[in-house]
Every structure is written in C-alpha cells, then in structure tokens.
$ cat structure.cif   # mmCIF, C-alpha atoms
data_query
#
loop_
_atom_site.label_atom_id
_atom_site.label_comp_id
_atom_site.auth_asym_id
_atom_site.auth_seq_id
_atom_site.Cartn_x
_atom_site.Cartn_y
_atom_site.Cartn_z
CA MET A 25 -1.61 -21.98 -11.48
CA LYS A 26 -0.70 -21.97 -7.77
CA PHE A 27 -1.27 -18.85 -5.69
CA THR A 28 -1.14 -17.59 -2.11
CA LYS A 29 -3.71 -15.26 -0.58
CA MET A 30 -2.11 -12.81 1.87
CA GLN A 31 -3.18 -9.67 3.70
CA GLY A 32 -1.58 -6.81 5.56
CA ILE A 33 -4.14 -5.36 8.02
CA GLY A 34 -6.96 -6.19 5.62
CA ASN A 35 -5.27 -4.98 2.41
CA ASP A 36 -5.50 -8.34 0.60
CA TYR A 37 -3.82 -9.51 -2.59
CA VAL A 38 -3.36 -12.66 -4.61
CA TYR A 39 0.36 -13.49 -4.73
CA ILE A 40 2.00 -15.62 -7.39
CA ASP A 41 5.50 -17.02 -6.94
CA CYS A 42 7.13 -16.27 -10.29
CA PHE A 43 10.23 -18.15 -9.21
CA LYS A 44 8.02 -21.16 -10.04
CA GLU A 45 5.12 -19.87 -12.17
CA GLU A 46 4.94 -17.87 -15.42
CA VAL A 47 2.34 -15.12 -15.84
CA ASN A 48 1.88 -13.91 -19.42
CA ASN A 49 -0.82 -11.25 -19.02
CA PRO A 50 -0.74 -9.95 -15.43
CA ALA A 51 -3.05 -6.97 -16.05
CA GLU A 52 -5.84 -9.21 -17.36
CA LEU A 53 -5.22 -11.79 -14.66
CA ALA A 54 -5.40 -9.11 -11.95
CA VAL A 55 -8.93 -8.18 -12.99
CA LYS A 56 -10.05 -11.81 -12.98
CA VAL A 57 -8.55 -12.94 -9.68
CA SER A 58 -9.59 -9.75 -7.87
CA ASP A 59 -13.30 -10.24 -8.57
CA ARG A 60 -14.89 -11.12 -5.22
CA HIS A 61 -17.82 -12.95 -6.84
CA PHE A 62 -16.31 -14.78 -9.81
CA GLY A 63 -12.62 -14.84 -8.90
CA ILE A 64 -10.57 -15.37 -5.76
CA GLY A 65 -11.31 -11.91 -4.37
CA SER A 66 -8.65 -9.32 -3.56
CA ASP A 67 -7.52 -5.71 -3.87
CA GLY A 68 -5.23 -6.80 -6.70
CA LEU A 69 -2.46 -9.11 -7.86
CA ILE A 70 1.18 -9.15 -6.76
CA LEU A 71 3.90 -11.09 -8.55
CA ILE A 72 6.99 -12.20 -6.60
CA CYS A 73 9.76 -12.38 -9.19
CA PRO A 74 13.51 -12.87 -9.49
CA SER A 75 15.57 -9.66 -9.64
CA GLU A 76 18.97 -8.78 -11.04
CA VAL A 77 19.45 -5.91 -8.59
CA ALA A 78 17.79 -7.10 -5.35
CA ASP A 79 16.91 -10.31 -3.50
CA CYS A 80 13.54 -10.39 -5.28
CA ARG A 81 11.18 -8.16 -7.27
CA MET A 82 7.58 -7.15 -6.61
CA ARG A 83 5.18 -6.26 -9.41
CA MET A 84 1.83 -4.94 -8.22
CA TYR A 85 -1.46 -4.67 -10.14
CA ASN A 86 -4.66 -3.03 -8.92
CA ALA A 87 -8.06 -4.65 -9.17
CA ASP A 88 -8.74 -2.78 -12.42
CA GLY A 89 -5.58 -4.17 -14.02
CA SER A 90 -3.50 -0.99 -13.78
CA GLU A 91 0.06 -1.44 -12.57
CA SER A 92 1.21 0.57 -9.55
CA GLU A 93 4.71 1.45 -8.47
CA MET A 94 4.52 0.36 -4.86
CA CYS A 95 2.27 -1.04 -2.12
CA GLY A 96 3.31 -0.80 1.52
CA ASN A 97 1.08 -3.58 2.82
CA GLY A 98 1.86 -5.66 -0.23
CA ILE A 99 5.62 -5.43 0.17
CA ARG A 100 5.38 -6.57 3.81
CA CYS A 101 3.56 -9.67 2.59
CA VAL A 102 6.19 -10.19 -0.09
CA GLY A 103 8.78 -10.00 2.67
CA LYS A 104 6.94 -12.60 4.72
CA TYR A 105 6.51 -14.91 1.73
CA VAL A 106 10.14 -14.92 0.60
CA TYR A 107 11.34 -15.35 4.21
CA ASP A 108 8.88 -18.08 5.21
CA HIS A 109 9.35 -19.97 1.92
CA LYS A 110 13.15 -19.74 2.12
CA ILE A 111 13.58 -17.69 -1.07
CA VAL A 112 15.80 -15.49 1.11
CA ASN A 113 17.67 -16.84 4.12
CA LYS A 114 18.31 -13.64 6.04
CA LYS A 115 16.25 -11.23 8.12
CA GLU A 116 17.42 -8.12 6.30
CA PHE A 117 17.07 -8.08 2.51
CA THR A 118 16.04 -5.98 -0.49
CA VAL A 119 13.01 -5.94 -2.79
CA GLU A 120 12.94 -4.27 -6.20
CA THR A 121 9.76 -2.24 -6.85
CA GLY A 122 8.54 0.28 -9.39
CA ALA A 123 9.44 2.93 -6.80
CA GLY A 124 13.01 1.70 -6.38
CA ILE A 125 14.75 -0.85 -4.17
CA LYS A 126 13.32 -1.14 -0.65
CA ASN A 127 15.12 -2.49 2.43
CA LEU A 128 13.12 -4.88 4.61
CA THR A 129 13.71 -6.25 8.11
CA VAL A 130 11.79 -9.31 9.30
CA LEU A 131 10.50 -9.48 12.89
CA GLU A 132 10.42 -13.22 13.50
CA GLU A 133 8.27 -15.36 15.78
CA GLY A 134 8.46 -19.15 15.80
CA GLY A 135 10.63 -19.27 12.70
CA LYS A 136 8.12 -17.25 10.64
CA ALA A 137 7.87 -13.56 9.80
CA LYS A 138 5.32 -12.08 12.22
CA ALA A 139 5.81 -8.47 11.11
CA VAL A 140 8.02 -6.62 8.67
CA ALA A 141 9.66 -3.19 8.86
CA VAL A 142 10.14 -1.45 5.53
CA ASP A 143 12.34 1.52 4.70
CA MET A 144 9.85 3.36 2.52
CA GLY A 145 12.46 5.80 1.24
CA ILE A 146 12.35 9.59 1.16
CA PRO A 147 8.95 11.27 0.68
CA GLU A 148 8.52 13.91 -2.00
CA ILE A 149 6.19 16.87 -1.46
CA THR A 150 4.15 17.36 -4.63
CA SER A 151 1.82 20.22 -3.67
CA GLU A 152 1.68 23.50 -1.84
CA VAL A 153 1.32 22.99 1.91
CA PRO A 154 -1.62 23.05 1.92
CA GLU A 155 -3.09 23.36 -1.58
CA LYS A 156 -6.71 24.26 -2.27
CA ILE A 157 -8.80 22.18 -4.67
CA ILE A 158 -12.48 22.19 -5.70
CA ILE A 159 -14.05 18.75 -6.10
CA ASP A 160 -17.70 18.42 -7.09
CA GLY A 161 -18.28 22.04 -6.15
CA THR A 162 -16.77 21.83 -2.67
CA GLU A 163 -13.44 23.39 -1.71
CA TYR A 164 -10.94 21.19 0.14
CA GLU A 165 -7.31 21.52 1.16
CA PHE A 166 -4.85 18.69 0.55
CA ILE A 167 -1.17 17.91 0.90
CA GLY A 168 0.44 16.01 -1.95
CA ILE A 169 3.08 13.45 -1.01
CA SER A 170 4.72 10.89 -3.28
CA MET A 171 6.08 7.67 -1.83
CA GLY A 172 6.98 6.51 -5.33
CA ASN A 173 3.23 6.60 -5.99
CA PRO A 174 0.95 9.66 -5.65
CA HIS A 175 -1.08 10.57 -2.56
CA ALA A 176 -3.37 13.48 -1.68
CA ILE A 177 -4.06 13.86 2.05
CA TYR A 178 -7.21 15.60 3.31
CA TYR A 179 -7.85 16.50 6.98
CA MET A 180 -11.41 16.48 8.31
CA ASP A 181 -13.60 15.36 11.18
CA GLY A 182 -16.12 12.53 10.94
CA ILE A 183 -14.30 10.37 8.41
CA ASP A 184 -16.48 7.39 9.40
CA ASP A 185 -19.46 9.19 7.89
CA LEU A 186 -17.89 9.71 4.46
CA ASP A 187 -19.57 7.94 1.56
CA LEU A 188 -16.36 7.06 -0.26
CA GLU A 189 -18.13 4.94 -2.85
CA ALA A 190 -19.94 8.10 -3.97
CA ILE A 191 -17.17 10.68 -3.68
CA GLY A 192 -13.99 8.64 -4.12
CA PRO A 193 -13.92 8.55 -7.94
CA SER A 194 -14.07 12.35 -8.15
CA PHE A 195 -11.07 12.68 -5.84
CA GLU A 196 -9.11 10.03 -7.74
CA THR A 197 -9.73 11.39 -11.24
CA HIS A 198 -9.68 15.16 -10.64
CA GLU A 199 -7.88 17.05 -13.41
CA ARG A 200 -5.26 18.16 -10.87
CA PHE A 201 -4.03 14.56 -10.95
CA PRO A 202 -3.52 13.61 -14.61
CA GLU A 203 -2.33 10.11 -13.67
CA ARG A 204 -5.01 9.75 -10.95
CA THR A 205 -4.12 9.64 -7.27
CA ASN A 206 -4.65 7.82 -4.01
CA SER A 207 -6.75 9.86 -1.58
CA GLU A 208 -6.37 9.71 2.21
CA PHE A 209 -8.97 11.14 4.58
CA ILE A 210 -7.41 11.86 7.99
CA GLU A 211 -8.72 12.56 11.46
CA VAL A 212 -6.05 13.66 13.96
CA VAL A 213 -6.61 12.13 17.41
CA ASN A 214 -3.49 13.49 19.14
CA ASP A 215 0.15 14.29 18.45
CA HIS A 216 1.09 10.62 17.95
CA TYR A 217 -2.11 8.99 16.66
CA ILE A 218 -4.21 9.55 13.52
CA ARG A 219 -7.13 7.73 11.92
CA MET A 220 -7.36 7.19 8.18
CA ARG A 221 -9.64 6.00 5.41
CA VAL A 222 -8.30 5.57 1.91
CA TRP A 223 -9.60 5.57 -1.65
CA GLU A 224 -6.92 3.78 -3.67
CA ARG A 225 -6.22 4.55 -7.29
CA GLY A 226 -7.55 1.65 -9.35
CA SER A 227 -9.03 -0.31 -6.44
CA GLY A 228 -11.51 1.95 -4.61
CA GLU A 229 -11.77 1.96 -0.83
CA THR A 230 -9.48 -0.59 0.78
CA TRP A 231 -9.04 -1.57 4.41
CA ALA A 232 -5.47 -0.32 4.47
CA CYS A 233 -2.78 1.37 2.39
CA GLY A 234 0.82 1.30 3.61
CA THR A 235 2.15 4.00 1.30
CA GLY A 236 -0.92 6.09 2.14
CA ALA A 237 -0.34 5.70 5.87
CA THR A 238 3.30 6.66 5.36
CA ALA A 239 2.41 9.72 3.29
CA SER A 240 -0.25 10.77 5.81
CA ALA A 241 2.12 10.46 8.76
CA VAL A 242 4.73 12.57 6.97
CA ALA A 243 2.13 15.20 6.02
CA SER A 244 0.86 15.32 9.61
CA ALA A 245 4.37 15.81 11.01
CA LEU A 246 5.16 18.35 8.30
CA CYS A 247 2.15 20.44 9.31
CA GLY A 248 2.95 20.20 13.02
CA LEU A 249 -0.16 18.16 13.76
CA THR A 250 1.85 15.24 15.11
CA GLY A 251 5.40 14.28 15.97
CA ASP A 252 7.67 12.28 13.67
CA LYS A 253 6.56 8.93 15.13
CA VAL A 254 2.90 8.25 14.44
CA GLU A 255 0.54 5.34 14.87
CA VAL A 256 -1.96 5.21 12.01
CA GLU A 257 -5.32 3.51 12.55
CA LEU A 258 -6.91 2.08 9.41
CA LYS A 259 -10.02 -0.04 8.91
CA GLY A 260 -7.95 -3.24 8.96
CA GLY A 261 -5.54 -2.42 11.79
CA ASN A 262 -2.69 -0.14 12.80
CA LEU A 263 0.72 0.73 11.37
CA LEU A 264 3.66 2.43 13.05
CA ILE A 265 5.34 5.12 10.93
CA GLU A 266 8.64 6.76 11.91
CA TRP A 267 10.13 9.65 9.94
CA ASP A 268 13.86 10.29 10.43
CA ARG A 269 14.14 13.90 9.30
CA GLU A 270 17.94 13.82 9.41
CA SER A 271 18.19 11.07 6.76
CA GLY A 272 14.79 11.84 5.23
CA HIS A 273 13.80 8.17 5.29
CA VAL A 274 10.50 6.84 6.62
CA THR A 275 10.07 3.39 8.19
CA MET A 276 6.77 1.52 8.22
CA THR A 277 6.25 -1.43 10.57
CA GLY A 278 3.25 -3.73 10.58
CA PRO A 279 1.99 -7.32 10.39
CA ALA A 280 1.77 -9.61 7.36
CA THR A 281 -0.44 -12.70 7.23
CA GLU A 282 -0.70 -15.68 4.91
CA VAL A 283 -4.40 -16.55 4.63
CA PHE A 284 -4.40 -19.64 2.41
CA GLN A 285 -2.85 -21.30 -0.62
CA GLY A 286 -4.68 -22.64 -3.63
CA GLU A 287 -4.65 -23.38 -7.33
CA PHE A 288 -6.79 -22.04 -10.17
CA ASP A 289 -7.37 -22.80 -13.83
CA ILE A 290 -6.79 -19.58 -15.80
CA GLU A 291 -9.20 -20.71 -18.50
CA ASN A 292 -12.08 -20.94 -16.02
CA LEU A 293 -11.67 -17.48 -14.52
#
$ encode --input "structure.cif" --output "structure tokens"
Amino acid sequence: MKFTKMQGIGNDYVYIDCFKEEVNNPAELAVKVSDRHFGIGSDGLILICPSEVADCRMRMYNADGSESEMCGNGIRCVGKYVYDHKIVNKKEFTVETGAGIKNLTVLEEGGKAKAVAVDMGIPEITSEVPEKIIIDGTEYEFIGISMGNPHAIYYMDGIDDLDLEAIGPSFETHERFPERTNSEFIEVVNDHYIRMRVWERGSGETWACGTGATASAVASALCGLTGDKVEVELKGGNLLIEWDRESGHVTMTGPATEVFQGEFDIENL
C-alpha cells in the first residue's frame, strides 16, 4: 500500500490516498503504522477520501487507533496533498471532517502549497470560565473549548518543566471528561503571543496540535489575556490564530510539509 508521510510543525501523520487505495481496518492500521520502532512512525493515520458533500474527506485516527473528529495540522496537510497532487484544481476548497465541512485556502509558492489557512469554525465553550478541577490531588483551573473535538486549557508558568509523560494520562482520562480530552498547557508571553504544550487524546504529547492552538487562542482572548489575533508557539513551530468575534469563526494559518512517499506491505507490519 502506498503512503505519504507529512507533518504540520512537527505533528506528523501517515496519509493514505483513498482515491487510489482501499483501507479495510483503519483503526488497526493506525496502531501499526504509528509505531516508531516497528512501523513507519507517526502521531496517527489520516485517510484522504472522496466526499459527496465536499471536495474531499479527511478521516483521522490517533496512534492508539481511536478515531478523532478533527486535526488542525492534519487538515492543512490534507489541503497541501490534494492541491499538490491535483485532486483539487483551485486554491479555495472544502474538506469534510468529523467536525463538519471546513473551508481551506492554499498559500502557494512555486506551484505548490506552502501554507494553508483553515476556517476552523465557531468554538463552543464547554466549561465555566474558569472551572476548577482536582487532578491527582492538585487543584487546577481550566477552560473547556470544543473545536469539534474537546480541549481543556490550563494556564501556568514553567510549562517546559512539566513531565507530561507522567501527568498527561490523568488529565486526559479525568472523570470530568467521560470521552477523554486534549489538554493544553499555556504560558502567556504578551497580549499577542502564547506558548503551548499539548497532551493529545489517544496520542500523548505531540509537537503540535492545530485544534488545540485554536482553542487556546480563543480561551486566551475570552479571558482578556490576549487580543483576538494570537501567535501560538508550539514545540514544532508557530501558528497564527485569528478570531473574528462578529462572525464567531476562527482562522488558523500555518505550514504543511510533505516529508516522503513510500510503500508498505500490510502483512509485515
């Protein structure tokens, strides 16, 4: 089976072009290809599929095989793939996701998609602002934001010192979040710049999370910590998030990179 390895500021996935390939058990395949020792190595698997309601469809699976509604870095890479490989022949197009249809705009350089802007839709506040929670005996405050998938945003200093491998699972699986949640740990630098680390539901700590950056920027603006246009620094790079309060929509802009193409034998994974 042919695949393409792509990454958006370090958030890397294995992409399969289902316009050409057929995947029968994507959850099982996601676990196998994501393994960084015995597989290809990635944060998960993304299928690029035909759609009856949009220009294409994205299905996204975490490294543990669970399916997620949406991935901000992943959808930018989907946008780059379908543009560069001529599946779509326009710079503005739509992608069907588990969180609804998203509008994408390609920023081109040399005939290829260099970056992609994504209308992430309208955020939904899912908590008190802020809401208190006790995790492993320590009280925290978080802001819950859904971007079609769940996020809990925590503000603190010294995020570089956090041992997310140790504490991340407790944040993800707390009883407050019956379907588990993505957890963002935020350090505010100034009114237009924040730093973020993320523990993703089903994948652990990743180098970037587009929906998480979007949710964190909205939460920061909502609390008056920043303006409505925020640059978010993640381990893998930076994203620009702009919240239009009048329409309610949030736009995320960032790079997308094709790393390599290859072919694997499913039976040997």
$ resolve_selection --input "structure.cif" --expression "the PyMOL selection byres ((chain A and resi 206) around 10)" --output "PyMOL selection string"
chain A and resi 168+170+173-177+192+195-197+201+204-205+207-208+222-229+233+235-236
$ residues_around --input "structure.cif" --residues "Gly122 of chain A" --least-positions-apart "2" --cutoff "9 Å" --atoms "all atoms listed in the file" --output "CSV table (one decimal) with C-alpha atoms, in the coordinates of the input"
chain,number,residue,atom,x,y,z
A,82,MET,CA,7.6,-7.2,-6.6
A,83,ARG,CA,5.2,-6.3,-9.4
A,84,MET,CA,1.8,-4.9,-8.2
A,92,SER,CA,1.2,0.6,-9.6
A,93,GLU,CA,4.7,1.4,-8.5
A,94,MET,CA,4.5,0.4,-4.9
A,120,GLU,CA,12.9,-4.3,-6.2
A,124,GLY,CA,13.0,1.7,-6.4
A,125,ILE,CA,14.8,-0.8,-4.2
A,172,GLY,CA,7.0,6.5,-5.3
A,173,ASN,CA,3.2,6.6,-6.0
$ axis_aligned_box --input "structure.cif" --around "segment 175-178 of chain A" --padding-each-side "5 Å" --output "lines of an AutoDock Vina configuration file"
center_x = -4.1
center_y = 13.1
center_z = 0.4
size_x = 16.1
size_y = 15.0
size_z = 15.9
$ resolve_selection --input "structure.cif" --expression "the PyMOL selection byres ((chain A and resi 256) around 8)" --output "list in words"
Tyr217, Ile218, Arg219, Met220, Ala237, Ala241, Val254, Glu255, Glu257, Leu258, Asn262, Leu263, Leu264 and Ile265 of chain A
$ resolve_selection --input "structure.cif" --expression "the PyMOL selection byres ((chain A and resi 244) around 10)" --output "list in words"
Ile167, Ile177, Tyr179, Ile210, Val212, Asp215, His216, Tyr217, Ile218, Thr238, Ala239, Ser240, Ala241, Val242, Ala243, Ala245, Leu246, Cys247, Gly248, Leu249, Thr250, Gly251, Asp252 and Val254 of chain A
$ write_last_selection --input "structure.cif" --atoms "C-alpha atoms" --output "PDB file, keeping the file's coordinate frame"
ATOM      1  CA  ILE A 167      -1.170  17.910   0.900  1.00  0.00           C
ATOM      2  CA  ILE A 177      -4.060  13.860   2.050  1.00  0.00           C
ATOM      3  CA  TYR A 179      -7.850  16.500   6.980  1.00  0.00           C
ATOM      4  CA  ILE A 210      -7.410  11.860   7.990  1.00  0.00           C
ATOM      5  CA  VAL A 212      -6.050  13.660  13.960  1.00  0.00           C
ATOM      6  CA  ASP A 215       0.150  14.290  18.450  1.00  0.00           C
ATOM      7  CA  HIS A 216       1.090  10.620  17.950  1.00  0.00           C
ATOM      8  CA  TYR A 217      -2.110   8.990  16.660  1.00  0.00           C
ATOM      9  CA  ILE A 218      -4.210   9.550  13.520  1.00  0.00           C
ATOM     10  CA  THR A 238       3.300   6.660   5.360  1.00  0.00           C
ATOM     11  CA  ALA A 239       2.410   9.720   3.290  1.00  0.00           C
ATOM     12  CA  SER A 240      -0.250  10.770   5.810  1.00  0.00           C
ATOM     13  CA  ALA A 241       2.120  10.460   8.760  1.00  0.00           C
ATOM     14  CA  VAL A 242       4.730  12.570   6.970  1.00  0.00           C
ATOM     15  CA  ALA A 243       2.130  15.200   6.020  1.00  0.00           C
ATOM     16  CA  ALA A 245       4.370  15.810  11.010  1.00  0.00           C
ATOM     17  CA  LEU A 246       5.160  18.350   8.300  1.00  0.00           C
ATOM     18  CA  CYS A 247       2.150  20.440   9.310  1.00  0.00           C
ATOM     19  CA  GLY A 248       2.950  20.200  13.020  1.00  0.00           C
ATOM     20  CA  LEU A 249      -0.160  18.160  13.760  1.00  0.00           C
ATOM     21  CA  THR A 250       1.850  15.240  15.110  1.00  0.00           C
ATOM     22  CA  GLY A 251       5.400  14.280  15.970  1.00  0.00           C
ATOM     23  CA  ASP A 252       7.670  12.280  13.670  1.00  0.00           C
ATOM     24  CA  VAL A 254       2.900   8.250  14.440  1.00  0.00           C
TER      25      VAL A 254
END
$ residues_around --input "structure.cif" --residues "segment 286-290 of chain A" --least-positions-apart "6" --cutoff "8 Å" --atoms "all atoms listed in the file" --output "number ranges by chain"
A: 25-28
$ residues_around --input "structure.cif" --residues "Thr129 of chain A" --least-positions-apart "4" --cutoff "6 Å" --atoms "all atoms listed in the file" --output "list in words"
Lys115, Glu116, Val140 and Ala141 of chain A
$ atom_distance --input "structure.cif" --atom1 "atom CA of Glu282 of chain A" --atom2 "atom CA of Leu53 of chain A"
20.5 Å
$ atom_distance --input "structure.cif" --atom1 "atom CA of Ala54 of chain A" --atom2 "atom CA of Gly89 of chain A"
5.4 Å
$ residues_around --input "structure.cif" --residues "segment 70-72 of chain A" --least-positions-apart "4" --cutoff "10 Å" --atoms "all atoms listed in the file" --output "PDB file with C-alpha atoms, in the coordinates of the input"
ATOM      1  CA  PHE A  27      -1.270 -18.850  -5.690  1.00  0.00           C
ATOM      2  CA  THR A  28      -1.140 -17.590  -2.110  1.00  0.00           C
ATOM      3  CA  LYS A  29      -3.710 -15.260  -0.580  1.00  0.00           C
ATOM      4  CA  MET A  30      -2.110 -12.810   1.870  1.00  0.00           C
ATOM      5  CA  ASP A  36      -5.500  -8.340   0.600  1.00  0.00           C
ATOM      6  CA  TYR A  37      -3.820  -9.510  -2.590  1.00  0.00           C
ATOM      7  CA  VAL A  38      -3.360 -12.660  -4.610  1.00  0.00           C
ATOM      8  CA  TYR A  39       0.360 -13.490  -4.730  1.00  0.00           C
ATOM      9  CA  ILE A  40       2.000 -15.620  -7.390  1.00  0.00           C
ATOM     10  CA  ASP A  41       5.500 -17.020  -6.940  1.00  0.00           C
ATOM     11  CA  CYS A  42       7.130 -16.270 -10.290  1.00  0.00           C
ATOM     12  CA  PHE A  43      10.230 -18.150  -9.210  1.00  0.00           C
ATOM     13  CA  LYS A  44       8.020 -21.160 -10.040  1.00  0.00           C
ATOM     14  CA  GLU A  45       5.120 -19.870 -12.170  1.00  0.00           C
ATOM     15  CA  GLU A  46       4.940 -17.870 -15.420  1.00  0.00           C
ATOM     16  CA  VAL A  47       2.340 -15.120 -15.840  1.00  0.00           C
ATOM     17  CA  PRO A  50      -0.740  -9.950 -15.430  1.00  0.00           C
ATOM     18  CA  ALA A  54      -5.400  -9.110 -11.950  1.00  0.00           C
ATOM     19  CA  CYS A  80      13.540 -10.390  -5.280  1.00  0.00           C
ATOM     20  CA  ARG A  81      11.180  -8.160  -7.270  1.00  0.00           C
ATOM     21  CA  MET A  82       7.580  -7.150  -6.610  1.00  0.00           C
ATOM     22  CA  ARG A  83       5.180  -6.260  -9.410  1.00  0.00           C
ATOM     23  CA  MET A  84       1.830  -4.940  -8.220  1.00  0.00           C
ATOM     24  CA  TYR A  85      -1.460  -4.670 -10.140  1.00  0.00           C
ATOM     25  CA  ASN A  86      -4.660  -3.030  -8.920  1.00  0.00           C
ATOM     26  CA  GLU A  91       0.060  -1.440 -12.570  1.00  0.00           C
ATOM     27  CA  CYS A  95       2.270  -1.040  -2.120  1.00  0.00           C
ATOM     28  CA  GLY A  98       1.860  -5.660  -0.230  1.00  0.00           C
ATOM     29  CA  ILE A  99       5.620  -5.430   0.170  1.00  0.00           C
ATOM     30  CA  CYS A 101       3.560  -9.670   2.590  1.00  0.00           C
ATOM     31  CA  VAL A 102       6.190 -10.190  -0.090  1.00  0.00           C
ATOM     32  CA  GLY A 103       8.780 -10.000   2.670  1.00  0.00           C
ATOM     33  CA  TYR A 105       6.510 -14.910   1.730  1.00  0.00           C
ATOM     34  CA  VAL A 106      10.140 -14.920   0.600  1.00  0.00           C
ATOM     35  CA  VAL A 119      13.010  -5.940  -2.790  1.00  0.00           C
ATOM     36  CA  GLU A 120      12.940  -4.270  -6.200  1.00  0.00           C
TER      37      GLU A 120
END
